[in-house]
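Participant: To be precise about what I am sending: the file is called entry-v8.txt and holds compact mmCIF, C-alpha atoms.
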```txt
# COMPACT_ATOMS: atom_id res chain seq x y z
CA MET A 22 -28.98 14.01 37.30
CA SER A 23 -25.92 16.27 37.69
CA GLU A 24 -24.49 18.20 34.76
CA ARG A 25 -21.43 15.93 34.86
CA GLY A 26 -23.62 12.85 34.72
CA THR A 27 -25.60 14.30 31.82
CA ALA A 28 -22.40 15.04 29.94
CA MET A 29 -21.20 11.47 30.48
CA VAL A 30 -24.44 10.08 29.13
CA LYS A 31 -24.27 12.32 26.06
CA SER A 32 -20.68 11.26 25.39
CA MET A 33 -21.62 7.57 25.17
CA LYS A 34 -21.83 6.15 21.66
CA GLU A 35 -25.27 5.64 20.21
CA PRO A 36 -26.20 4.06 16.87
CA PRO A 37 -26.69 6.66 14.12
CA ALA A 38 -30.32 7.42 13.30
CA TYR A 39 -29.84 6.42 9.67
CA GLY A 40 -27.17 3.76 9.90
CA VAL A 41 -26.46 1.57 6.84
CA THR A 42 -26.67 -2.03 8.01
CA SER A 43 -24.35 -3.46 5.36
CA VAL A 44 -21.67 -0.89 6.16
CA ASP A 45 -22.00 -1.62 9.87
CA HIS A 46 -21.67 -5.35 9.23
CA ALA A 47 -18.57 -4.84 7.07
CA LEU A 48 -16.96 -2.71 9.76
CA GLN A 49 -17.78 -5.31 12.41
CA LEU A 50 -16.07 -7.96 10.29
CA ALA A 51 -13.02 -5.72 9.81
CA VAL A 52 -12.73 -5.32 13.59
CA ILE A 53 -13.07 -9.08 14.13
CA LEU A 54 -10.35 -9.79 11.56
CA GLN A 55 -7.97 -7.26 13.06
CA VAL A 56 -8.57 -8.04 16.74
CA GLU A 57 -9.53 -11.72 16.83
CA GLY A 58 -7.93 -13.23 13.74
CA SER A 59 -9.26 -15.39 10.92
CA ILE A 60 -12.94 -16.22 10.42
CA THR A 61 -14.98 -18.48 8.16
CA VAL A 62 -18.08 -17.51 6.19
CA SER A 63 -20.27 -19.62 8.49
CA GLU A 64 -18.81 -18.02 11.63
CA ALA A 65 -19.17 -14.54 10.12
CA ALA A 66 -22.82 -15.26 9.32
CA ARG A 67 -23.43 -16.49 12.87
CA ARG A 68 -21.70 -13.51 14.49
CA LEU A 69 -23.62 -10.99 12.38
CA GLY A 70 -26.92 -12.85 12.33
CA VAL A 71 -27.12 -12.86 8.55
CA ALA A 72 -27.35 -15.49 5.81
CA ARG A 73 -24.16 -17.20 4.61
CA SER A 74 -24.63 -15.60 1.20
CA SER A 75 -24.68 -12.14 2.80
CA ALA A 76 -21.58 -12.90 4.88
CA HIS A 77 -19.80 -14.15 1.77
CA ARG A 78 -20.60 -10.95 -0.12
CA LEU A 79 -19.36 -8.83 2.76
CA LEU A 80 -16.09 -10.75 3.06
CA SER A 81 -15.59 -10.70 -0.71
CA THR A 82 -15.93 -6.90 -0.65
CA LEU A 83 -13.36 -6.67 2.15
CA VAL A 84 -11.01 -8.81 0.06
CA TYR A 85 -11.56 -6.54 -2.97
CA ARG A 86 -10.64 -3.48 -0.89
CA ASP A 87 -7.61 -5.27 0.69
CA PHE A 88 -9.11 -5.27 4.18
CA ALA A 89 -9.07 -9.09 4.10
CA VAL A 90 -7.42 -11.97 2.26
CA GLN A 91 -8.72 -15.50 1.74
CA ASP A 92 -6.47 -18.39 2.72
CA GLU A 93 -6.24 -21.80 1.05
CA ASP A 94 -8.61 -23.28 3.65
CA ARG A 95 -11.20 -20.66 2.52
CA SER A 96 -11.10 -18.79 5.82
CA TYR A 97 -10.48 -15.04 5.86
CA ARG A 98 -7.85 -13.06 7.73
CA ALA A 99 -6.77 -9.42 8.01
CA GLY A 100 -5.47 -7.98 4.76
CA PRO A 101 -2.76 -5.40 3.99
CA VAL A 102 -4.88 -2.38 4.92
CA LEU A 103 -5.60 -3.70 8.41
CA GLU A 104 -2.01 -4.93 8.86
CA ILE A 105 -0.71 -1.46 8.11
CA ALA A 106 -3.25 0.14 10.43
CA ASP A 107 -2.38 -2.28 13.21
CA LYS A 108 1.40 -2.37 12.96
CA ALA A 109 2.55 0.90 11.53
CA GLN A 110 -0.10 3.59 11.66
CA SER A 111 2.03 6.03 13.64
CA ASN A 112 4.98 5.38 11.34
CA VAL A 113 2.83 5.93 8.27
CA GLY A 114 1.58 9.22 9.72
CA ALA A 115 5.13 10.42 10.31
CA LEU A 116 6.14 9.33 6.81
CA ARG A 117 3.24 11.18 5.19
CA ALA A 118 4.01 14.32 7.18
CA ALA A 119 7.66 14.19 6.10
CA ALA A 120 6.81 13.33 2.48
CA LEU A 121 4.09 15.75 1.41
CA GLY A 122 6.31 18.84 1.08
CA PRO A 123 9.11 17.08 -0.87
CA LEU A 124 6.50 15.37 -3.06
CA ARG A 125 5.01 18.73 -4.02
CA THR A 126 8.48 20.02 -4.86
CA LEU A 127 9.15 16.90 -6.92
CA VAL A 128 5.92 17.41 -8.85
CA ASP A 129 6.78 21.07 -9.43
CA THR A 130 10.24 20.08 -10.69
CA LEU A 131 9.27 17.31 -13.10
CA ASP A 132 5.56 18.05 -13.66
CA GLU A 133 4.76 14.36 -13.23
CA THR A 134 2.81 12.48 -10.55
CA ALA A 135 4.86 11.55 -7.46
CA SER A 136 4.18 8.97 -4.75
CA VAL A 137 5.55 7.35 -1.62
CA THR A 138 5.20 3.61 -1.06
CA ILE A 139 5.75 1.21 1.83
CA ARG A 140 5.88 -2.59 1.85
CA THR A 141 3.90 -4.99 4.01
CA GLY A 142 4.88 -8.56 3.28
CA ARG A 143 4.37 -9.26 -0.42
CA THR A 144 2.37 -6.10 -1.04
CA ALA A 145 3.24 -2.46 -1.62
CA ARG A 146 0.90 0.32 -0.53
CA PHE A 147 0.86 3.90 -1.78
CA VAL A 148 0.60 6.03 1.36
CA ALA A 149 0.95 9.43 -0.33
CA SER A 150 0.51 10.58 -3.91
CA ILE A 151 0.32 13.98 -5.61
CA GLU A 152 -0.81 14.35 -9.21
CA CYS A 153 0.77 16.73 -11.67
CA SER A 154 -1.30 19.33 -13.52
CA ARG A 155 -0.97 17.96 -17.06
CA ALA A 156 -4.09 16.82 -18.87
CA LEU A 157 -2.45 13.48 -19.72
CA ARG A 158 -1.09 12.20 -16.43
CA VAL A 159 -0.89 9.19 -14.14
CA GLY A 160 -3.64 9.42 -11.54
CA SER A 161 -3.16 9.27 -7.78
CA ARG A 162 -2.59 5.78 -6.40
CA GLU A 163 -2.91 6.86 -2.78
CA GLY A 164 -4.37 4.10 -0.61
CA MET A 165 -3.99 1.42 -3.27
CA VAL A 166 -2.26 -1.90 -2.68
CA PHE A 167 -0.38 -3.87 -5.35
CA PRO A 168 1.89 -6.92 -5.46
CA ALA A 169 5.29 -5.56 -4.42
CA HIS A 170 7.17 -7.17 -7.31
CA LEU A 171 5.03 -5.35 -9.88
CA VAL A 172 5.44 -1.72 -8.79
CA THR A 173 8.44 0.58 -8.64
CA GLY A 174 8.40 1.26 -4.91
CA GLY A 175 7.88 -2.42 -4.20
CA LEU A 176 11.00 -3.30 -6.20
CA VAL A 177 13.03 -0.73 -4.29
CA LEU A 178 11.88 -2.22 -0.98
CA LEU A 179 12.22 -5.86 -2.03
CA ALA A 180 15.80 -5.06 -3.06
CA GLN A 181 16.59 -4.60 0.63
CA LEU A 182 16.06 -8.35 1.19
CA GLY A 183 18.67 -11.06 0.77
CA ASP A 184 18.03 -14.07 -1.48
CA GLU A 185 17.01 -16.29 1.44
CA GLU A 186 14.64 -13.65 2.81
CA LEU A 187 13.09 -13.26 -0.62
CA GLU A 188 12.61 -17.01 -0.95
CA ALA A 189 10.97 -17.18 2.48
CA LEU A 190 8.69 -14.25 1.64
CA TYR A 191 7.20 -16.05 -1.36
CA ALA A 192 7.40 -19.59 0.00
CA SER A 193 3.67 -19.84 0.72
CA ASP A 194 2.53 -17.90 -2.35
CA THR A 195 1.52 -20.51 -4.89
CA GLU A 196 -0.89 -18.47 -7.02
CA GLU A 197 0.97 -15.18 -7.53
CA ARG A 198 4.52 -16.34 -6.95
CA PRO A 199 6.82 -14.42 -9.31
CA ASP A 200 9.70 -15.96 -11.22
CA LEU A 201 12.23 -15.67 -8.40
CA THR A 202 15.26 -16.27 -10.60
CA ARG A 203 14.28 -13.33 -12.78
CA LEU A 204 13.22 -11.22 -9.80
CA ARG A 205 16.53 -11.78 -8.00
CA GLY A 206 18.37 -10.50 -11.07
CA GLU A 207 16.17 -7.44 -11.25
CA LEU A 208 16.64 -6.71 -7.56
CA ARG A 209 20.41 -7.00 -7.88
CA ALA A 210 20.26 -4.28 -10.55
CA VAL A 211 18.16 -2.10 -8.23
CA ARG A 212 20.64 -2.60 -5.37
CA SER A 213 23.54 -1.75 -7.65
CA SER A 214 22.07 1.46 -9.04
CA GLY A 215 19.86 2.45 -6.09
CA VAL A 216 17.08 3.09 -8.61
CA ALA A 217 14.15 1.03 -9.91
CA LEU A 218 12.93 1.64 -13.46
CA ASN A 219 9.44 0.34 -14.26
CA LEU A 220 8.74 0.25 -18.00
CA GLU A 221 5.03 -0.62 -18.19
CA ARG A 222 5.59 -3.42 -15.70
CA SER A 223 2.53 -2.80 -13.56
CA GLU A 224 0.32 -0.96 -16.03
CA ARG A 225 0.39 -0.59 -19.79
CA GLY A 226 1.26 2.93 -20.87
CA VAL A 227 2.90 3.91 -17.57
CA VAL A 228 6.61 4.36 -16.78
CA ALA A 229 7.87 4.97 -13.25
CA VAL A 230 11.22 5.56 -11.57
CA GLY A 231 11.85 5.21 -7.83
CA ARG A 232 14.47 5.17 -5.11
CA GLY A 233 14.64 4.47 -1.39
CA VAL A 234 13.87 6.65 1.60
CA THR A 235 15.82 5.94 4.77
CA GLY A 236 14.62 6.16 8.34
CA ALA A 237 16.41 7.53 11.37
CA ASP A 238 18.44 4.31 11.66
CA GLY A 239 19.65 4.50 8.07
CA ARG A 240 17.51 1.59 6.80
CA VAL A 241 15.35 1.96 3.72
CA VAL A 242 11.78 2.21 5.03
CA ALA A 243 9.90 3.53 1.99
CA ALA A 244 10.30 4.46 -1.64
CA VAL A 245 9.61 7.69 -3.49
CA SER A 246 8.71 7.44 -7.15
CA VAL A 247 7.59 9.49 -10.10
CA SER A 248 5.17 8.12 -12.72
CA MET A 249 4.39 9.32 -16.22
CA PRO A 250 2.66 8.21 -19.41
CA SER A 251 5.08 6.10 -21.46
CA VAL A 252 4.62 8.40 -24.48
CA ARG A 253 6.31 11.17 -22.46
CA TYR A 254 9.22 9.14 -21.13
CA GLU A 255 12.57 9.80 -22.77
CA PRO A 256 15.59 7.74 -21.62
CA HIS A 257 17.92 10.73 -21.86
CA ARG A 258 15.87 12.39 -19.08
CA LEU A 259 16.58 9.56 -16.64
CA ARG A 260 19.54 11.37 -15.06
CA GLU A 261 17.39 14.46 -14.45
CA ILE A 262 14.58 12.34 -12.98
CA VAL A 263 16.93 10.45 -10.67
CA ALA A 264 18.51 13.70 -9.47
CA ALA A 265 15.08 15.10 -8.56
CA LEU A 266 14.14 11.81 -6.86
CA THR A 267 17.38 11.85 -4.86
CA THR A 268 16.65 15.36 -3.62
CA ALA A 269 13.13 14.33 -2.62
CA ALA A 270 14.31 11.13 -0.92
CA GLU A 271 16.94 13.01 1.09
CA ALA A 272 14.37 15.62 2.17
CA ILE A 273 11.90 12.95 3.29
CA SER A 274 14.64 11.04 5.11
CA SER A 275 15.71 14.23 6.85
CA GLY A 276 12.13 14.89 7.92
CA LEU A 277 11.83 11.37 9.32
CA GLY A 278 15.05 11.85 11.26
CA GLU A 279 13.75 15.08 12.78
CA SER A 280 10.44 13.48 13.77
CA ALA A 281 12.27 10.60 15.41
CA GLY A 282 14.43 12.99 17.35
```
Have the structure of the file written as structure tokens, please.

Facilitator:
Amino acid sequence: MSERGTAMVKSMKEPPAYGVTSVDHALQLAVILQVEGSITVSEAARRLGVARSSAHRLLSTLVYRDFAVQDEDRSYRAGPVLEIADKAQSNVGALRAAALGPLRTLVDTLDETASVTIRTGRTARFVASIECSRALRVGSREGMVFPAHLVTGGLVLLAQLGDEELEALYASDTEERPDLTRLRGELRAVRSSGVALNLERSERGVVAVGRGVTGADGRVVAAVSVSMPSVRYEPHRLREIVAALTTAAEAISSGLGESAG
């Protein structure tokens, strides 16, 4: 066999010598969900050649990690993590690249944890997060997904929607549907001030403040926020916090504009 042929053979994928079967099965299911669409427990068991109980455990784990969601008919479809990977991975990469420097500056300025969030449907995902150095601090939320109406960045991004768009967004959400009358009022306040203030809304003992980041076209595409233990939050510091957030948001927006150009 020629050297070129040998190289081609070596470059072909081969199963790892010590592969973990359950991990392999979970990854197979993630690919099926992203590429083919929804799947039932019975179909997953048939495709993987495992018992229904095993397929159910695998799918439940994917749901827990936001790789899948379960619909009312008990079938499973791609979750927020896979939606982001499929629809906006390059955009997320550009956002992270533009955000990391300003986030570090924001942390240095306020000595509190700073994050950048995007929205996918009814969920908000932390795509970048840098912790401060204090012993008592809010930990990194990078990679985590939360209901958009419960977190600071999610409120900033939901505020970009009109009332009809908001209604349509939550039309099919019967289990975790927020009080839309109250939410609309809160979002109007965010639109008016350009800032979202989260006083222990998503987590007891945590206060966060956020504002929007604009893309090259001027639309708000993400939110930058700073989080701190509630015992350290003082309302008179809000102006200082917002000023630092504004500087960070402008720097991230500028970086996004340069990457688009």

Participant: Using only C-alpha atoms for the distances, tell me which of A:Leu208, A:Cys153, A:Ala265, A:Ala237 is nearest to A:Leu178.

Facilitator: A:Leu208

Participant: Pick from A:Arg140, A:Arg222, A:Arg212, A:Arg258: nearest to A:Leu190, with only C-alpha atoms counted?

Facilitator: A:Arg140

Participant: Within 10 Å of stretch 88-105 of chain A, counting only C-alpha atoms, which residues qualify if same-chain residues fewer than 5 places away don't, as a PyMOL selection string?

Facilitator: chain A and resi 47-48+50-65+80-83+110-113+139-146+164-167+195

Participant: Between atom CA of A:Val227 and atom CA of A:Ala118, what is the distance, to one decimal in Å?

Facilitator: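 Distance between the two atoms: 26.9 Å.
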
Participant: (14.5, 0.5, -1.7) in this file's frame - what residues fall within 10 Å of it? Use only C-alpha atoms and give the answer as a VMD selection string.

Facilitator: chain A and resid 138 to 140 173 to 182 208 211 to 212 215 to 217 231 to 235 240 to 245

Participant: Do you know which residues are at most 9 Å from A:Arg117 counting only C-alpha atoms, after dropping those on the same chain fewer than 6 positions away, and could you put them as JSON, numbers by chain?

Facilitator: {"A": [137, 148, 149]}

Participant: For each of A:Ala229, A:Ala66, A:Val41, A:Ala270, take the minimum atom-to-atom distance to A:Ser248, counting only C-alpha atoms, then give the residue where this is smallest.

Facilitator: A:Ala229

Participant: Just want the 9 Å neighbourhood of A:Leu131, counted on only C-alpha atoms, with same-chain residues fewer than 4 positions away dropped. Output as a PyMOL selection string.

Facilitator: chain A and resi 126-127+153+247+261-262+265

Participant: Find the residues near A:Gly278: any atom within 10 Å, counting all atoms listed in the file, skip ones fewer than 3 places away on the same chain, and give them as a list in words.

Facilitator: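 Residues near the query, excluding close chain neighbours: Ala119, Thr235, Gly236, Ala237, Asp238, Gly239, Ala272, Ile273, Ser274, Ser275, Ala281 and Gly282 of chain A.
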
Participant: Convert the current residue selection to file output with C-alpha atoms, as an mmCIF file, keeping the file's coordinate frame.

Facilitator:
```
data_model
loop_
_atom_site.group_PDB
_atom_site.id
_atom_site.type_symbol
_atom_site.label_atom_id
_atom_site.label_comp_id
_atom_site.auth_asym_id
_atom_site.auth_seq_id
_atom_site.Cartn_x
_atom_site.Cartn_y
_atom_site.Cartn_z
ATOM 1 C CA ALA A 119 7.660 14.190 6.100
ATOM 2 C CA THR A 235 15.820 5.940 4.770
ATOM 3 C CA GLY A 236 14.620 6.160 8.340
ATOM 4 C CA ALA A 237 16.410 7.530 11.370
ATOM 5 C CA ASP A 238 18.440 4.310 11.660
ATOM 6 C CA GLY A 239 19.650 4.500 8.070
ATOM 7 C CA ALA A 272 14.370 15.620 2.170
ATOM 8 C CA ILE A 273 11.900 12.950 3.290
ATOM 9 C CA SER A 274 14.640 11.040 5.110
ATOM 10 C CA SER A 275 15.710 14.230 6.850
ATOM 11 C CA ALA A 281 12.270 10.600 15.410
ATOM 12 C CA GLY A 282 14.430 12.990 17.350
#
```

Participant: Just the number, please: distance in Å from atom CA of A:His170 to atom CA of A:Pro199, one decimal.

Facilitator: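 Value for the atom CA of A:His170-atom CA of A:Pro199 distance: 7.5 Å.
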
Participant: To one decimal place, how far is atom CA of A:Ala189 from atom CA of A:Arg209 in Å?

Facilitator: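 Going from atom CA of A:Ala189 over to atom CA of A:Arg209 covers 17.3 Å.
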
Participant: Smallest atom-to-atom distance to A:Asp45: which of A:Val159, A:Leu79, A:Ala72, A:Val263, using all atoms listed in the file?

Facilitator: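 Comparing A:Val159, A:Leu79, A:Ala72, A:Val263 against A:Asp45, the winner is A:Leu79.
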